[in-house]
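To start, the structure under review is shown below, and the notes come after it.
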Amino acid sequence: LLTVTNLQQHYSLESNLLDQLFSRNRQVIKAVDGVSLELERGEILGLVGESGCGKSTLSRSILQLIPPTGGKVEFQGIDITALGRDAVRKHRRQMQMIFQDPHACLNPMMTVGQSIADPLFIHKLANAEEAKKQVIQMLERVGLTPGEDFFRRYPGELSGGQQQRVSIARALITRPQLIICDEPVSMLDASVQTQVLELMLELKQEFNLTYLFITHDLWVARFFCDRIAVMNAGKIVEIGKTRDIFTNPQHPYTQQLLQAAPLLARTH
Ligand SMILES: Nc1ncnc2c1ncn2[C@@H]1O[C@H](COP(=O)(O)OP(=O)(O)OP(=O)(O)O)[C@@H](O)[C@H]1O
Ligand SMILES: [Mg+2]
């Protein structure tokens, strides 16, 4: 479904363009530094690594939310790094994102119904009447019942878990193929985390989804992911089946990461 080849996102620290062009010793942050990976249709690939290693930057670069400074992203065989803005926007309907903090992503002035319907209008997929019907169905599907009630409510009136269900509904409403989840449950209580993860597994089956799942929580990664990519300082240092990563880590950095979570390393 997705092939990422030697992707780079280098941030230059010079404040203006002239400085960037003429400064002799340019300061560059290599947030993503030559990442290659493949996502099979239907799989869940976890992306783990410590804070600042480049996970969020990688996901934004894959979606072309920030144009990468190098490398290639092929989605369904099409090189989306070579497309213009409008063409990329069309493809973005197929690739949606779920973020850590639903509260920050949902417009507090819009009802839940409006927020979820928004992508349908942006991509011209439905008129108002069809959109309402689809949104209510989707609300019920993510466990916000009765859908009619939640349709009219505002994000501020919902719990964190309910807000994240709204974000999931919003991400799924355009029927995407790929969902990139950036720490989707890390702000939720443990019991709510499990409920939301289980919902995401059900939805994956029902809508034939593929997930790229970013987390710093190795427990969550082990529960949820088929394969895991370990990222350190902008590079993928190891990628493999979840079981192999936990039982037989090859790279010293992976071993170190697992040692920081000793309960996990012991259980197999
Ligand atoms: N717009 C930017 N300009 C300059 N540097 C940036 C920018 N955005 C991110 N960075 C740097 O890129 C690196 C990677 O950041 P990123 O947010 O991708 O890490 P992360 O793995 O998602 O971390 P976390 O687990 O804390 O979310 C960091 O060193 C960060 O400071
Ligand atoms: Mg991040």
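In the structure tokens, the first chain shown is A, the next is B, and so on; residue numbers restart at 1 for each chain, and ligands run from 1 in the order shown.
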What are the closest atom pairs, with distances in Å to one decimal, for each residue of chain A lying within 12 Å of ligand 1, using only C-alpha atoms and all ligand atoms, rows by chain and rising residue number, as a tab-separated table?
residue	atom	partner	partner_atom_place_in_ligand_line	distance
A:Gln8	CA	ligand 1	12 (O)	11.3
A:Gln9	CA	ligand 1	12 (O)	8.5
A:His10	CA	ligand 1	5 (N)	8.1
A:Tyr11	CA	ligand 1	4 (C)	5.0
A:Ser12	CA	ligand 1	4 (C)	6.8
A:Leu13	CA	ligand 1	4 (C)	6.5
A:Glu14	CA	ligand 1	4 (C)	9.9
A:Ser15	CA	ligand 1	3 (N)	10.3
A:Gln27	CA	ligand 1	4 (C)	10.3
A:Val28	CA	ligand 1	4 (C)	8.5
A:Ile29	CA	ligand 1	5 (N)	6.1
A:Lys30	CA	ligand 1	12 (O)	6.9
A:Ala31	CA	ligand 1	12 (O)	4.1
A:Val32	CA	ligand 1	14 (C)	7.3
A:Asp33	CA	ligand 1	14 (C)	10.3
A:Leu47	CA	ligand 1	21 (O)	9.2
A:Val48	CA	ligand 1	21 (O)	8.2
A:Gly49	CA	ligand 1	21 (O)	6.5
A:Glu50	CA	ligand 1	25 (O)	5.7
A:Ser51	CA	ligand 1	25 (O)	3.4
A:Gly52	CA	ligand 1	19 (O)	3.4
A:Cys53	CA	ligand 1	21 (O)	4.0
A:Gly54	CA	ligand 1	18 (O)	3.2
A:Lys55	CA	ligand 1	21 (O)	3.7
A:Ser56	CA	ligand 1	22 (O)	3.6
A:Thr57	CA	ligand 1	18 (O)	3.6
A:Leu58	CA	ligand 1	18 (O)	6.3
A:Ser59	CA	ligand 1	18 (O)	8.1
A:Arg60	CA	ligand 1	18 (O)	8.4
A:Ser61	CA	ligand 1	18 (O)	9.6
A:Ile62	CA	ligand 1	18 (O)	11.9
A:Leu65	CA	ligand 1	1 (N)	11.6
A:Ile66	CA	ligand 1	1 (N)	9.1
A:Pro67	CA	ligand 1	1 (N)	11.7
A:Phe99	CA	ligand 1	27 (O)	10.5
A:Gln100	CA	ligand 1	27 (O)	9.2
A:Asp101	CA	ligand 1	27 (O)	11.6
A:Cys181	CA	ligand 1	22 (O)	11.5
A:Asp182	CA	ligand 1	27 (O)	8.0
A:Glu183	CA	ligand 1	27 (O)	8.0
A:Pro184	CA	ligand 1	27 (O)	11.4
A:Ser186	CA	ligand 1	25 (O)	10.7
A:Phe213	CA	ligand 1	22 (O)	11.9
A:Ile214	CA	ligand 1	22 (O)	8.4
A:Thr215	CA	ligand 1	25 (O)	7.5
A:His216	CA	ligand 1	25 (O)	6.4
A:Asp217	CA	ligand 1	25 (O)	10.0
A:Val230	CA	ligand 1	21 (O)	10.8
A:Met231	CA	ligand 1	21 (O)	8.1
A:Asn232	CA	ligand 1	21 (O)	8.5
A:Ala233	CA	ligand 1	14 (C)	7.9
A:Gly234	CA	ligand 1	14 (C)	7.2
A:Lys235	CA	ligand 1	21 (O)	10.7
A:Ile236	CA	ligand 1	21 (O)	11.6
Practice task
Would you list the contacts of Ser36 (chain A) as a list in words, taking every protein, DNA or RNA residue within 8 Å and counting only C-alpha atoms, but skipping same-chain residues closer than 2 positions in sequence?
Solution key: Thr3, Val4, Thr5, Asn6, Leu7, Gly34, Glu38 and Ile236 of chain A
Exercise for the section: Please run DSSP on the backbone and report, as a ChimeraX atom specification, all residues within region 23-262 of chain A that come out as helix (DSSP H, G or I). Expected result: /A:55-62,80-82,85-92,102-105,112-122,128-141,147-152,155-157,160-172,190-207,218-224,242-247,252-259,262
Within 9 Å of Thr242 (chain A) using only C-alpha atoms, minus same-chain residues under 6 positions, as a JSON list (two decimals) with C-alpha atoms, in the first residue's frame:
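So around.json came out as:
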[["chain", "number", "residue", "atom", "x", "y", "z"],
["A", 45, "LEU", "CA", 3.01, -1.29, 11.63],
["A", 46, "GLY", "CA", 4.11, 0.23, 14.92],
["A", 221, "ALA", "CA", 2.79, -1.61, 20.61],
["A", 222, "ARG", "CA", 2.98, -5.26, 21.59],
["A", 225, "CYS", "CA", 0.98, -4.17, 16.12],
["A", 226, "ASP", "CA", 1.86, -6.91, 13.60],
["A", 227, "ARG", "CA", 5.28, -5.45, 12.94],
["A", 228, "ILE", "CA", 7.34, -2.82, 14.69],
["A", 229, "ALA", "CA", 9.83, -0.30, 13.38]]
Pick out the residues sitting within 10 Å of Phe223 (chain A), and hand them over as a PDB file with C-alpha atoms, in the first residue's frame; count only C-alpha atoms, and ignore anything fewer than 3 positions along from it in its own chain.
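For reference, selection_13.pdb as written:
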ATOM      1  CA  THR A 194      -8.094  -0.590  25.845  1.00  0.00           C
ATOM      2  CA  LEU A 197      -7.728   0.204  20.803  1.00  0.00           C
ATOM      3  CA  LEU A 218       5.864  -0.651  24.230  1.00  0.00           C
ATOM      4  CA  TRP A 219       2.960  -2.409  25.961  1.00  0.00           C
ATOM      5  CA  VAL A 220       0.514  -0.820  23.558  1.00  0.00           C
ATOM      6  CA  ASP A 226       1.855  -6.906  13.604  1.00  0.00           C
ATOM      7  CA  THR A 242       6.363  -7.740  16.873  1.00  0.00           C
TER       8      THR A 242
END
Handout entry: Proximity to Ala117 (chain A) - best of A:Tyr253, A:Phe224, A:Phe207, A:Phe151, only C-alpha atoms
Key =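 Using only C-alpha atoms, Ala117 (chain A) sits closest to A:Phe151.
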